[in-house]
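Pasted below: entry.tsv, TSV, C-alpha atoms (C1' of nucleotides).
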```tsv
chain	number	residue	atom	x	y	z
A	1	MET	CA	-1.09	5.49	-37.94
A	2	SER	CA	-0.17	8.40	-35.75
A	3	GLN	CA	3.33	8.82	-34.41
A	4	ARG	CA	1.96	8.32	-30.97
A	5	ALA	CA	0.08	5.12	-31.65
A	6	GLU	CA	3.13	3.76	-33.38
A	7	LEU	CA	5.36	4.45	-30.39
A	8	THR	CA	2.82	2.92	-28.03
A	9	ASP	CA	2.70	-0.21	-30.14
A	10	GLN	CA	6.46	-0.39	-30.19
A	11	TRP	CA	6.63	-0.03	-26.45
A	12	ARG	CA	3.94	-2.62	-25.77
A	13	SER	CA	5.64	-5.00	-28.11
A	14	LEU	CA	8.96	-4.51	-26.33
A	15	THR	CA	7.29	-4.99	-22.97
A	16	LEU	CA	5.56	-8.16	-24.02
A	17	ARG	CA	8.74	-9.55	-25.54
A	18	TYR	CA	10.82	-8.79	-22.48
A	19	ASN	CA	8.29	-10.09	-20.00
A	20	GLU	CA	7.69	-13.33	-21.83
A	21	ILE	CA	11.37	-14.17	-21.85
A	22	ALA	CA	12.16	-12.86	-18.37
A	23	CYS	CA	9.21	-14.65	-16.85
A	24	LYS	CA	10.10	-17.94	-18.49
A	25	LEU	CA	13.75	-17.64	-17.52
A	26	ASP	CA	12.86	-16.88	-13.95
A	27	ARG	CA	10.42	-19.74	-13.66
A	28	GLU	CA	12.43	-22.43	-15.41
A	29	LEU	CA	15.78	-21.54	-13.88
A	30	ASP	CA	14.18	-21.70	-10.48
A	31	GLU	CA	12.27	-24.92	-11.07
A	32	ALA	CA	15.14	-26.80	-12.65
A	33	HIS	CA	18.13	-25.30	-10.84
A	34	GLY	CA	16.94	-23.34	-7.84
A	35	VAL	CA	18.26	-19.99	-8.99
A	36	SER	CA	16.38	-16.87	-10.03
A	37	MET	CA	17.09	-15.00	-13.24
A	38	ASN	CA	19.09	-12.35	-11.41
A	39	GLU	CA	21.01	-14.96	-9.47
A	40	PHE	CA	21.91	-16.73	-12.69
A	41	GLU	CA	22.95	-13.48	-14.31
A	42	THR	CA	25.20	-12.80	-11.35
A	43	LEU	CA	26.77	-16.24	-11.57
A	44	ASP	CA	27.16	-15.79	-15.31
A	45	ARG	CA	29.17	-12.62	-14.92
A	46	LEU	CA	31.26	-14.07	-12.13
A	47	ALA	CA	32.00	-17.18	-14.16
A	48	ALA	CA	33.09	-15.06	-17.10
A	49	ALA	CA	35.27	-12.76	-15.01
A	50	ASP	CA	36.71	-15.81	-13.32
A	51	ARG	CA	39.90	-14.73	-11.60
A	52	GLU	CA	39.49	-10.99	-11.95
A	53	SER	CA	37.29	-11.21	-8.87
A	54	LEU	CA	34.60	-8.58	-9.25
A	55	ARG	CA	33.55	-5.93	-6.81
A	56	MET	CA	29.93	-5.57	-5.77
A	57	GLN	CA	29.63	-2.24	-7.49
A	58	ASP	CA	30.93	-3.57	-10.81
A	59	LEU	CA	28.27	-6.24	-10.75
A	60	ALA	CA	25.52	-3.82	-9.83
A	61	ALA	CA	26.45	-1.35	-12.54
A	62	ALA	CA	26.51	-4.01	-15.22
A	63	MET	CA	23.24	-5.59	-14.23
A	64	TYR	CA	20.78	-2.73	-13.93
A	65	LEU	CA	20.03	-3.82	-10.40
A	66	SER	CA	20.04	-1.48	-7.45
A	67	GLN	CA	22.94	-1.71	-5.06
A	68	SER	CA	20.71	-3.05	-2.32
A	69	ALA	CA	19.13	-5.68	-4.56
A	70	LEU	CA	22.56	-6.88	-5.64
A	71	SER	CA	23.74	-7.01	-2.05
A	72	ARG	CA	20.85	-9.30	-1.19
A	73	THR	CA	21.27	-11.38	-4.34
A	74	VAL	CA	24.89	-12.04	-3.42
A	75	ALA	CA	23.80	-12.82	0.13
A	76	ARG	CA	21.39	-15.44	-1.18
A	77	LEU	CA	24.02	-16.95	-3.44
A	78	GLU	CA	26.47	-17.04	-0.56
A	79	ARG	CA	23.93	-18.71	1.70
A	80	ALA	CA	23.51	-21.34	-1.03
A	81	GLY	CA	27.27	-21.82	-1.21
A	82	LEU	CA	27.51	-20.68	-4.81
A	83	VAL	CA	29.70	-17.61	-4.24
A	84	GLU	CA	32.07	-16.31	-1.60
A	85	ARG	CA	32.76	-12.82	-0.38
A	86	ALA	CA	36.29	-11.71	0.34
A	87	LEU	CA	37.55	-8.45	1.74
A	88	CYS	CA	39.50	-6.27	-0.63
A	89	GLU	CA	43.00	-5.64	0.67
A	90	HIS	CA	43.54	-2.20	-0.76
A	91	ASP	CA	40.17	-0.79	0.21
A	92	ARG	CA	38.65	-2.56	3.13
A	93	ARG	CA	35.24	-1.12	2.44
A	94	GLY	CA	35.13	-3.08	-0.81
A	95	VAL	CA	34.01	-6.67	-1.17
A	96	TYR	CA	35.22	-9.05	-3.81
A	97	VAL	CA	32.75	-11.66	-4.97
A	98	LYS	CA	34.07	-14.95	-6.23
A	99	ILE	CA	32.23	-17.96	-7.65
A	100	THR	CA	32.79	-21.28	-5.88
A	101	ALA	CA	33.22	-24.72	-7.45
A	102	ALA	CA	29.60	-25.48	-6.59
A	103	GLY	CA	28.62	-22.17	-8.14
A	104	ARG	CA	30.46	-22.98	-11.33
A	105	ALA	CA	28.78	-26.36	-11.50
A	106	ARG	CA	25.34	-24.86	-10.96
A	107	HIS	CA	26.08	-22.19	-13.52
A	108	GLY	CA	27.07	-24.82	-16.05
A	109	GLU	CA	23.84	-26.74	-15.63
A	110	ALA	CA	21.58	-23.73	-15.53
A	111	GLY	CA	23.38	-22.29	-18.53
A	112	LYS	CA	21.92	-25.01	-20.73
A	113	THR	CA	18.40	-24.06	-19.72
A	114	HIS	CA	19.22	-20.39	-20.16
A	115	PHE	CA	20.66	-20.91	-23.61
A	116	ALA	CA	17.75	-23.06	-24.69
A	117	ILE	CA	15.21	-20.42	-23.71
A	118	LEU	CA	17.11	-17.62	-25.41
A	119	THR	CA	17.47	-19.70	-28.55
A	120	GLU	CA	13.78	-20.40	-28.59
A	121	HIS	CA	12.76	-16.78	-28.11
A	122	LEU	CA	15.47	-14.78	-29.82
A	123	GLY	CA	16.46	-17.20	-32.55
A	124	ALA	CA	14.12	-16.46	-35.42
A	125	ASP	CA	13.14	-12.82	-35.35
A	126	ASP	CA	14.81	-9.58	-34.24
B	127	MET	CA	31.47	-14.65	-31.85
B	128	SER	CA	29.76	-17.83	-30.75
B	129	GLN	CA	26.07	-18.30	-31.19
B	130	ARG	CA	25.73	-18.38	-27.45
B	131	ALA	CA	27.63	-15.16	-26.75
B	132	GLU	CA	25.61	-13.45	-29.43
B	133	LEU	CA	22.31	-14.50	-27.88
B	134	THR	CA	23.49	-13.42	-24.45
B	135	ASP	CA	24.44	-10.02	-25.80
B	136	GLN	CA	21.09	-9.69	-27.48
B	137	TRP	CA	19.28	-10.61	-24.30
B	138	ARG	CA	21.31	-8.25	-22.13
B	139	SER	CA	20.75	-5.48	-24.59
B	140	LEU	CA	17.01	-6.10	-24.57
B	141	THR	CA	16.99	-6.19	-20.78
B	142	LEU	CA	18.89	-2.94	-20.48
B	143	ARG	CA	16.68	-1.24	-23.02
B	144	TYR	CA	13.48	-2.37	-21.36
B	145	ASN	CA	14.61	-1.54	-17.85
B	146	GLU	CA	15.83	1.91	-18.72
B	147	ILE	CA	12.52	2.88	-20.25
B	148	ALA	CA	10.32	1.10	-17.73
B	149	CYS	CA	12.22	2.54	-14.80
B	150	LYS	CA	12.03	6.06	-16.18
B	151	LEU	CA	8.34	5.75	-16.98
B	152	ASP	CA	7.59	4.44	-13.53
B	153	ARG	CA	9.55	7.14	-11.79
B	154	GLU	CA	8.42	10.11	-13.82
B	155	LEU	CA	4.79	9.12	-14.09
B	156	ASP	CA	4.70	8.74	-10.34
B	157	GLU	CA	6.56	11.95	-9.56
B	158	ALA	CA	4.61	14.12	-11.94
B	159	HIS	CA	1.20	12.48	-11.88
B	160	GLY	CA	1.00	10.05	-8.98
B	161	VAL	CA	0.45	6.95	-11.08
B	162	SER	CA	2.71	3.96	-11.62
B	163	MET	CA	3.56	2.61	-15.05
B	164	ASN	CA	1.05	-0.22	-14.72
B	165	GLU	CA	-1.61	2.13	-13.47
B	166	PHE	CA	-1.07	4.39	-16.45
B	167	GLU	CA	-1.16	1.45	-18.82
B	168	THR	CA	-4.46	0.40	-17.29
B	169	LEU	CA	-5.89	3.89	-17.67
B	170	ASP	CA	-4.59	4.01	-21.23
B	171	ARG	CA	-6.44	0.87	-22.22
B	172	LEU	CA	-9.60	1.96	-20.46
B	173	ALA	CA	-9.49	5.36	-22.14
B	174	ALA	CA	-9.09	3.73	-25.52
B	175	ALA	CA	-11.89	1.22	-24.96
B	176	ASP	CA	-14.06	4.03	-23.68
B	177	ARG	CA	-17.62	2.78	-23.70
B	178	GLU	CA	-16.94	-0.87	-24.39
B	179	SER	CA	-16.33	-1.18	-20.65
B	180	LEU	CA	-13.64	-3.79	-20.17
B	181	ARG	CA	-13.67	-6.81	-17.94
B	182	MET	CA	-10.88	-7.44	-15.48
B	183	GLN	CA	-9.74	-10.49	-17.35
B	184	ASP	CA	-9.51	-8.64	-20.67
B	185	LEU	CA	-7.22	-6.09	-19.07
B	186	ALA	CA	-5.08	-8.72	-17.38
B	187	ALA	CA	-4.64	-10.73	-20.54
B	188	ALA	CA	-3.61	-7.69	-22.58
B	189	MET	CA	-1.16	-6.37	-20.04
B	190	TYR	CA	1.00	-9.34	-19.10
B	191	LEU	CA	0.09	-8.79	-15.50
B	192	SER	CA	-1.14	-11.54	-13.23
B	193	GLN	CA	-4.80	-11.57	-12.37
B	194	SER	CA	-4.05	-10.72	-8.75
B	195	ALA	CA	-1.76	-7.84	-9.65
B	196	LEU	CA	-4.39	-6.37	-11.93
B	197	SER	CA	-7.04	-6.74	-9.25
B	198	ARG	CA	-4.91	-4.68	-6.89
B	199	THR	CA	-3.98	-2.17	-9.56
B	200	VAL	CA	-7.66	-1.53	-10.25
B	201	ALA	CA	-8.26	-1.31	-6.49
B	202	ARG	CA	-5.63	1.42	-6.20
B	203	LEU	CA	-7.05	3.31	-9.17
B	204	GLU	CA	-10.51	3.03	-7.68
B	205	ARG	CA	-9.30	4.29	-4.31
B	206	ALA	CA	-7.81	7.28	-6.15
B	207	GLY	CA	-11.13	7.89	-7.89
B	208	LEU	CA	-9.72	7.30	-11.36
B	209	VAL	CA	-11.81	4.25	-12.27
B	210	GLU	CA	-15.04	2.64	-11.17
B	211	ARG	CA	-16.06	-0.98	-10.89
B	212	ALA	CA	-19.50	-2.05	-11.98
B	213	LEU	CA	-21.11	-5.44	-11.77
B	214	CYS	CA	-21.74	-7.18	-15.01
B	215	GLU	CA	-25.42	-7.89	-15.51
B	216	HIS	CA	-25.18	-11.06	-17.51
B	217	ASP	CA	-22.53	-12.67	-15.35
B	218	ARG	CA	-22.48	-11.37	-11.85
B	219	ARG	CA	-19.07	-12.85	-11.20
B	220	GLY	CA	-17.62	-10.46	-13.75
B	221	VAL	CA	-16.57	-6.89	-13.06
B	222	TYR	CA	-16.60	-4.11	-15.58
B	223	VAL	CA	-13.99	-1.43	-15.12
B	224	LYS	CA	-14.73	2.06	-16.35
B	225	ILE	CA	-12.59	5.17	-16.37
B	226	THR	CA	-14.01	8.20	-14.56
B	227	ALA	CA	-13.83	11.85	-15.63
B	228	ALA	CA	-11.00	12.36	-13.15
B	229	GLY	CA	-9.30	9.30	-14.58
B	230	ARG	CA	-9.58	10.63	-18.11
B	231	ALA	CA	-8.12	13.95	-17.02
B	232	ARG	CA	-5.22	12.28	-15.23
B	233	HIS	CA	-4.65	10.03	-18.22
B	234	GLY	CA	-4.51	13.03	-20.52
B	235	GLU	CA	-1.89	14.79	-18.43
B	236	ALA	CA	0.21	11.72	-17.78
B	237	GLY	CA	-0.02	10.79	-21.44
B	238	LYS	CA	2.15	13.75	-22.33
B	239	THR	CA	4.90	12.56	-20.04
B	240	HIS	CA	4.50	9.03	-21.33
B	241	PHE	CA	4.70	10.10	-24.95
B	242	ALA	CA	7.72	12.28	-24.29
B	243	ILE	CA	9.67	9.45	-22.70
B	244	LEU	CA	8.81	6.99	-25.44
B	245	THR	CA	9.80	9.52	-28.08
B	246	GLU	CA	13.10	10.10	-26.37
B	247	HIS	CA	13.95	6.43	-26.04
B	248	LEU	CA	12.33	4.79	-29.04
B	249	GLY	CA	12.56	7.60	-31.53
B	250	ALA	CA	15.95	7.20	-33.18
B	251	ASP	CA	16.80	3.53	-33.25
B	252	ASP	CA	14.85	0.27	-33.58
C	253	DC	C1'	-33.93	-29.59	-8.68
C	254	DG	C1'	-29.26	-30.64	-6.40
C	255	DA	C1'	-24.38	-31.84	-6.15
C	256	DA	C1'	-19.84	-31.36	-8.31
C	257	DG	C1'	-16.96	-28.86	-11.26
C	258	DT	C1'	-15.62	-24.42	-13.29
C	259	DT	C1'	-14.97	-19.51	-13.68
C	260	DA	C1'	-14.20	-14.47	-12.12
C	261	DC	C1'	-12.37	-11.87	-9.03
C	262	DA	C1'	-10.44	-10.88	-4.13
C	263	DT	C1'	-7.04	-11.77	-0.68
C	264	DG	C1'	-3.31	-14.00	2.56
C	265	DC	C1'	1.38	-14.96	2.12
C	266	DG	C1'	6.15	-14.84	1.09
C	267	DC	C1'	9.44	-12.82	-1.95
C	268	DT	C1'	12.26	-9.24	-4.33
C	269	DC	C1'	12.70	-4.70	-5.29
C	270	DG	C1'	14.11	0.42	-4.66
C	271	DC	C1'	14.73	4.13	-1.43
C	272	DA	C1'	16.50	5.90	2.57
C	273	DT	C1'	19.56	5.24	6.11
C	274	DC	C1'	23.34	3.14	8.86
C	275	DT	C1'	28.16	1.67	9.60
C	276	DA	C1'	32.80	1.51	8.61
C	277	DA	C1'	36.77	2.78	5.82
C	278	DT	C1'	38.96	6.24	3.01
C	279	DG	C1'	40.36	10.77	1.26
C	280	DC	C1'	41.05	15.54	1.55
C	281	DA	C1'	41.91	20.10	3.68
C	282	DC	C1'	44.29	22.49	6.88
D	283	DG	C1'	47.13	14.36	13.09
D	284	DT	C1'	42.02	16.00	13.43
D	285	DG	C1'	37.58	16.86	11.29
D	286	DC	C1'	34.37	16.74	7.41
D	287	DA	C1'	32.90	14.92	3.10
D	288	DT	C1'	32.75	10.81	0.35
D	289	DT	C1'	32.40	5.97	-0.81
D	290	DA	C1'	31.29	0.68	-0.34
D	291	DG	C1'	28.32	-2.17	1.15
D	292	DA	C1'	24.44	-3.80	4.60
D	293	DT	C1'	19.87	-3.26	6.25
D	294	DG	C1'	14.98	-1.40	7.87
D	295	DC	C1'	11.02	-0.29	5.54
D	296	DG	C1'	7.09	-0.02	2.58
D	297	DA	C1'	5.33	-1.38	-2.01
D	298	DG	C1'	4.13	-4.42	-5.84
D	299	DC	C1'	4.34	-8.93	-7.64
D	300	DG	C1'	2.98	-14.04	-8.40
D	301	DC	C1'	1.15	-18.18	-6.34
D	302	DA	C1'	-2.11	-20.44	-3.83
D	303	DT	C1'	-6.41	-20.17	-1.93
D	304	DG	C1'	-11.02	-18.27	-0.66
D	305	DT	C1'	-15.69	-16.75	-2.02
D	306	DA	C1'	-19.46	-16.24	-4.84
D	307	DA	C1'	-21.78	-17.02	-9.24
D	308	DC	C1'	-22.43	-19.85	-13.12
D	309	DT	C1'	-22.73	-24.59	-15.53
D	310	DT	C1'	-23.18	-29.31	-16.24
D	311	DC	C1'	-24.93	-33.74	-15.45
D	312	DG	C1'	-27.83	-37.07	-13.25
```

Take the structure in the file and write it out as structure tokens.
Amino acid sequence: MSQRAELTDQWRSLTLRYNEIACKLDRELDEAHGVSMNEFETLDRLAAADRESLRMQDLAAAMYLSQSALSRTVARLERAGLVERALCEHDRRGVYVKITAAGRARHGEAGKTHFAILTEHLGADD
Amino acid sequence: MSQRAELTDQWRSLTLRYNEIACKLDRELDEAHGVSMNEFETLDRLAAADRESLRMQDLAAAMYLSQSALSRTVARLERAGLVERALCEHDRRGVYVKITAAGRARHGEAGKTHFAILTEHLGADD
DNA sequence: CGAAGTTACATGCGCTCGCATCTAATGCAC
DNA sequence: GTGCATTAGATGCGAGCGCATGTAACTTCG
């Protein structure tokens, strides 16, 4: 098989693999817990950071999400009462994002679904 | 490391990897050749199938793209003169999609960019 | 044949995304 | 201090996506 056909196969395989998992995560997290995949990922990072209250930009950089998309994701989470924004004292342009009790609870529940899907799809191979 | 943290790492790594390549493909294919990643992928499959003229549904199934998204992708390609739709004789609900000469030319050019990006990102590892 | 169900594709709708831009706060030069 | 460049985040905009639905062509069953 040519070098080129091999690369194309590799890429299509990666695409299929990613999309299958991402699509399932997005659908099931939303159906069962009312959060999108990106929203869950945001909660997940906030829950892990806990008291080190993250800045918007730290979240965006870690998540391969554009700054504007993250801004809106946080806005949705805030509207749902799952996170809070707080002004940064030192630099009043900055915004700290903090997970709420409700957010932690939701994250805990959704985390089970998340883990189950990853186990199912990443367990055997790779 | 816990089973769970390991899976999460694996998933984030897969996500990052996919997004980096997909984003670069999308951007560079558009900038240099005026086609999106999905449009190129469609052309690529049509060019390979050549005279076996594919049905919409065959394309959609192979590409992990919803039926509606594919319908619009083909519509854009048709508007750009890169593919043609033809009614299927046996089943007049069906639509055959065929690449045009212009489409083949565009595919050839864009294919170089595509191959270069895949080589760069999938060459060493994996 | 004719009505009801199914299938293939198109399309209205609402959503999220990235890009470009806006606003406000900060930093830096002089 | 005053002015200009930079930075953090919000937001208007246009684009593509998936879901639900619409339309037209088949199919099945009486």

Discussion item. Can you work out which residues from chain C touch chain A at a cut-off of 10 Å (counting only C-alpha atoms (C1' of nucleotides)) and hand them back as a PyMOL selection string?
Written reply: chain C and resi 268-271+276-278

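Nearest residue to chain A, choosing from B:Arg202, B:Arg211, B:Arg230, B:His247 and counting only C-alpha atoms: B:His247.
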
Transformed chain A, reference chain B, in-order C-alpha pairing, as a PDB file with C-alpha atoms, keeping the file's coordinate frame:
```pdb
ATOM      1  CA  MET A   1      31.502 -14.613 -31.886  1.00  0.00           C
ATOM      2  CA  SER A   2      29.819 -17.783 -30.775  1.00  0.00           C
ATOM      3  CA  GLN A   3      26.105 -18.284 -31.193  1.00  0.00           C
ATOM      4  CA  ARG A   4      25.799 -18.337 -27.470  1.00  0.00           C
ATOM      5  CA  ALA A   5      27.667 -15.133 -26.778  1.00  0.00           C
ATOM      6  CA  GLU A   6      25.644 -13.439 -29.457  1.00  0.00           C
ATOM      7  CA  LEU A   7      22.352 -14.489 -27.894  1.00  0.00           C
ATOM      8  CA  THR A   8      23.534 -13.402 -24.461  1.00  0.00           C
ATOM      9  CA  ASP A   9      24.456 -10.002 -25.821  1.00  0.00           C
ATOM     10  CA  GLN A  10      21.099  -9.698 -27.498  1.00  0.00           C
ATOM     11  CA  TRP A  11      19.312 -10.597 -24.313  1.00  0.00           C
ATOM     12  CA  ARG A  12      21.329  -8.221 -22.148  1.00  0.00           C
ATOM     13  CA  SER A  13      20.748  -5.471 -24.624  1.00  0.00           C
ATOM     14  CA  LEU A  14      17.004  -6.112 -24.583  1.00  0.00           C
ATOM     15  CA  THR A  15      17.003  -6.183 -20.801  1.00  0.00           C
ATOM     16  CA  LEU A  16      18.901  -2.949 -20.507  1.00  0.00           C
ATOM     17  CA  ARG A  17      16.668  -1.252 -23.054  1.00  0.00           C
ATOM     18  CA  TYR A  18      13.482  -2.387 -21.372  1.00  0.00           C
ATOM     19  CA  ASN A  19      14.610  -1.545 -17.871  1.00  0.00           C
ATOM     20  CA  GLU A  20      15.835   1.908 -18.756  1.00  0.00           C
ATOM     21  CA  ILE A  21      12.513   2.857 -20.275  1.00  0.00           C
ATOM     22  CA  ALA A  22      10.319   1.077 -17.732  1.00  0.00           C
ATOM     23  CA  CYS A  23      12.229   2.531 -14.824  1.00  0.00           C
ATOM     24  CA  LYS A  24      12.032   6.052 -16.191  1.00  0.00           C
ATOM     25  CA  LEU A  25       8.342   5.728 -16.985  1.00  0.00           C
ATOM     26  CA  ASP A  26       7.595   4.425 -13.542  1.00  0.00           C
ATOM     27  CA  ARG A  27       9.550   7.134 -11.793  1.00  0.00           C
ATOM     28  CA  GLU A  28       8.420  10.113 -13.838  1.00  0.00           C
ATOM     29  CA  LEU A  29       4.774   9.114 -14.090  1.00  0.00           C
ATOM     30  CA  ASP A  30       4.705   8.724 -10.350  1.00  0.00           C
ATOM     31  CA  GLU A  31       6.559  11.934  -9.562  1.00  0.00           C
ATOM     32  CA  ALA A  32       4.612  14.114 -11.954  1.00  0.00           C
ATOM     33  CA  HIS A  33       1.188  12.460 -11.888  1.00  0.00           C
ATOM     34  CA  GLY A  34       1.005  10.045  -8.991  1.00  0.00           C
ATOM     35  CA  VAL A  35       0.451   6.943 -11.079  1.00  0.00           C
ATOM     36  CA  SER A  36       2.711   3.952 -11.624  1.00  0.00           C
ATOM     37  CA  MET A  37       3.557   2.596 -15.052  1.00  0.00           C
ATOM     38  CA  ASN A  38       1.055  -0.230 -14.699  1.00  0.00           C
ATOM     39  CA  GLU A  39      -1.618   2.127 -13.448  1.00  0.00           C
ATOM     40  CA  PHE A  40      -1.072   4.377 -16.440  1.00  0.00           C
ATOM     41  CA  GLU A  41      -1.171   1.434 -18.806  1.00  0.00           C
ATOM     42  CA  THR A  42      -4.468   0.399 -17.276  1.00  0.00           C
ATOM     43  CA  LEU A  43      -5.906   3.882 -17.663  1.00  0.00           C
ATOM     44  CA  ASP A  44      -4.591   3.997 -21.213  1.00  0.00           C
ATOM     45  CA  ARG A  45      -6.449   0.869 -22.215  1.00  0.00           C
ATOM     46  CA  LEU A  46      -9.607   1.960 -20.455  1.00  0.00           C
ATOM     47  CA  ALA A  47      -9.490   5.356 -22.127  1.00  0.00           C
ATOM     48  CA  ALA A  48      -9.094   3.725 -25.520  1.00  0.00           C
ATOM     49  CA  ALA A  49     -11.886   1.213 -24.965  1.00  0.00           C
ATOM     50  CA  ASP A  50     -14.034   4.026 -23.660  1.00  0.00           C
ATOM     51  CA  ARG A  51     -17.614   2.807 -23.701  1.00  0.00           C
ATOM     52  CA  GLU A  52     -16.954  -0.853 -24.374  1.00  0.00           C
ATOM     53  CA  SER A  53     -16.346  -1.156 -20.644  1.00  0.00           C
ATOM     54  CA  LEU A  54     -13.669  -3.785 -20.176  1.00  0.00           C
ATOM     55  CA  ARG A  55     -13.706  -6.796 -17.937  1.00  0.00           C
ATOM     56  CA  MET A  56     -10.904  -7.419 -15.472  1.00  0.00           C
ATOM     57  CA  GLN A  57      -9.754 -10.468 -17.347  1.00  0.00           C
ATOM     58  CA  ASP A  58      -9.506  -8.625 -20.667  1.00  0.00           C
ATOM     59  CA  LEU A  59      -7.245  -6.078 -19.052  1.00  0.00           C
ATOM     60  CA  ALA A  60      -5.095  -8.692 -17.376  1.00  0.00           C
ATOM     61  CA  ALA A  61      -4.644 -10.708 -20.546  1.00  0.00           C
ATOM     62  CA  ALA A  62      -3.614  -7.683 -22.559  1.00  0.00           C
ATOM     63  CA  MET A  63      -1.176  -6.369 -20.010  1.00  0.00           C
ATOM     64  CA  TYR A  64       1.003  -9.318 -19.075  1.00  0.00           C
ATOM     65  CA  LEU A  65       0.080  -8.782 -15.459  1.00  0.00           C
ATOM     66  CA  SER A  66      -1.143 -11.527 -13.192  1.00  0.00           C
ATOM     67  CA  GLN A  67      -4.805 -11.559 -12.321  1.00  0.00           C
ATOM     68  CA  SER A  68      -4.062 -10.706  -8.716  1.00  0.00           C
ATOM     69  CA  ALA A  69      -1.755  -7.827  -9.620  1.00  0.00           C
ATOM     70  CA  LEU A  70      -4.399  -6.374 -11.915  1.00  0.00           C
ATOM     71  CA  SER A  71      -7.044  -6.735  -9.237  1.00  0.00           C
ATOM     72  CA  ARG A  72      -4.916  -4.688  -6.868  1.00  0.00           C
ATOM     73  CA  THR A  73      -3.981  -2.157  -9.541  1.00  0.00           C
ATOM     74  CA  VAL A  74      -7.657  -1.525 -10.227  1.00  0.00           C
ATOM     75  CA  ALA A  75      -8.273  -1.309  -6.489  1.00  0.00           C
ATOM     76  CA  ARG A  76      -5.630   1.398  -6.205  1.00  0.00           C
ATOM     77  CA  LEU A  77      -7.049   3.305  -9.147  1.00  0.00           C
ATOM     78  CA  GLU A  78     -10.519   3.049  -7.664  1.00  0.00           C
ATOM     79  CA  ARG A  79      -9.298   4.289  -4.299  1.00  0.00           C
ATOM     80  CA  ALA A  80      -7.815   7.276  -6.149  1.00  0.00           C
ATOM     81  CA  GLY A  81     -11.126   7.895  -7.898  1.00  0.00           C
ATOM     82  CA  LEU A  82      -9.712   7.304 -11.357  1.00  0.00           C
ATOM     83  CA  VAL A  83     -11.815   4.254 -12.265  1.00  0.00           C
ATOM     84  CA  GLU A  84     -15.056   2.656 -11.161  1.00  0.00           C
ATOM     85  CA  ARG A  85     -16.084  -0.952 -10.893  1.00  0.00           C
ATOM     86  CA  ALA A  86     -19.527  -2.044 -11.974  1.00  0.00           C
ATOM     87  CA  LEU A  87     -21.154  -5.432 -11.764  1.00  0.00           C
ATOM     88  CA  CYS A  88     -21.778  -7.179 -15.040  1.00  0.00           C
ATOM     89  CA  GLU A  89     -25.467  -7.882 -15.524  1.00  0.00           C
ATOM     90  CA  HIS A  90     -25.195 -11.056 -17.529  1.00  0.00           C
ATOM     91  CA  ASP A  91     -22.548 -12.699 -15.388  1.00  0.00           C
ATOM     92  CA  ARG A  92     -22.536 -11.425 -11.874  1.00  0.00           C
ATOM     93  CA  ARG A  93     -19.121 -12.855 -11.190  1.00  0.00           C
ATOM     94  CA  GLY A  94     -17.662 -10.444 -13.735  1.00  0.00           C
ATOM     95  CA  VAL A  95     -16.631  -6.877 -13.038  1.00  0.00           C
ATOM     96  CA  TYR A  96     -16.640  -4.099 -15.564  1.00  0.00           C
ATOM     97  CA  VAL A  97     -14.010  -1.426 -15.122  1.00  0.00           C
ATOM     98  CA  LYS A  98     -14.759   2.053 -16.342  1.00  0.00           C
ATOM     99  CA  ILE A  99     -12.594   5.179 -16.350  1.00  0.00           C
ATOM    100  CA  THR A 100     -13.998   8.220 -14.547  1.00  0.00           C
ATOM    101  CA  ALA A 101     -13.819  11.865 -15.627  1.00  0.00           C
ATOM    102  CA  ALA A 102     -10.979  12.376 -13.158  1.00  0.00           C
ATOM    103  CA  GLY A 103      -9.295   9.300 -14.579  1.00  0.00           C
ATOM    104  CA  ARG A 104      -9.569  10.627 -18.098  1.00  0.00           C
ATOM    105  CA  ALA A 105      -8.112  13.940 -17.016  1.00  0.00           C
ATOM    106  CA  ARG A 106      -5.209  12.270 -15.239  1.00  0.00           C
ATOM    107  CA  HIS A 107      -4.647  10.029 -18.220  1.00  0.00           C
ATOM    108  CA  GLY A 108      -4.516  13.031 -20.515  1.00  0.00           C
ATOM    109  CA  GLU A 109      -1.875  14.766 -18.439  1.00  0.00           C
ATOM    110  CA  ALA A 110       0.218  11.704 -17.792  1.00  0.00           C
ATOM    111  CA  GLY A 111      -0.021  10.777 -21.452  1.00  0.00           C
ATOM    112  CA  LYS A 112       2.158  13.743 -22.360  1.00  0.00           C
ATOM    113  CA  THR A 113       4.905  12.545 -20.051  1.00  0.00           C
ATOM    114  CA  HIS A 114       4.499   9.007 -21.336  1.00  0.00           C
ATOM    115  CA  PHE A 115       4.708  10.072 -24.951  1.00  0.00           C
ATOM    116  CA  ALA A 116       7.715  12.264 -24.311  1.00  0.00           C
ATOM    117  CA  ILE A 117       9.658   9.430 -22.707  1.00  0.00           C
ATOM    118  CA  LEU A 118       8.807   6.971 -25.458  1.00  0.00           C
ATOM    119  CA  THR A 119       9.791   9.499 -28.095  1.00  0.00           C
ATOM    120  CA  GLU A 120      13.092  10.081 -26.401  1.00  0.00           C
ATOM    121  CA  HIS A 121      13.929   6.400 -26.052  1.00  0.00           C
ATOM    122  CA  LEU A 122      12.326   4.758 -29.053  1.00  0.00           C
ATOM    123  CA  GLY A 123      12.552   7.582 -31.555  1.00  0.00           C
ATOM    124  CA  ALA A 124      15.943   7.198 -33.172  1.00  0.00           C
ATOM    125  CA  ASP A 125      16.925   3.558 -33.207  1.00  0.00           C
ATOM    126  CA  ASP A 126      15.057   0.244 -33.432  1.00  0.00           C
TER     127      ASP A 126
END
```

Discussion item. Would you mind listing, as an MDAnalysis selection string, all residues of chain B that have at least one atom within 7 Å of chain A, where all atoms listed in the file are what counts?
Written reply: chainID B and resid 130 133 141:142 144 190 241 244

Worksheet entry | Straight-line distance linking atom CA of Val97 of chain A with atom CA of Glu84 of chain A, stated in Å to one decimal |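 Interatomic distance, atom CA of Val97 of chain A to atom CA of Glu84 of chain A: 5.8 Å.
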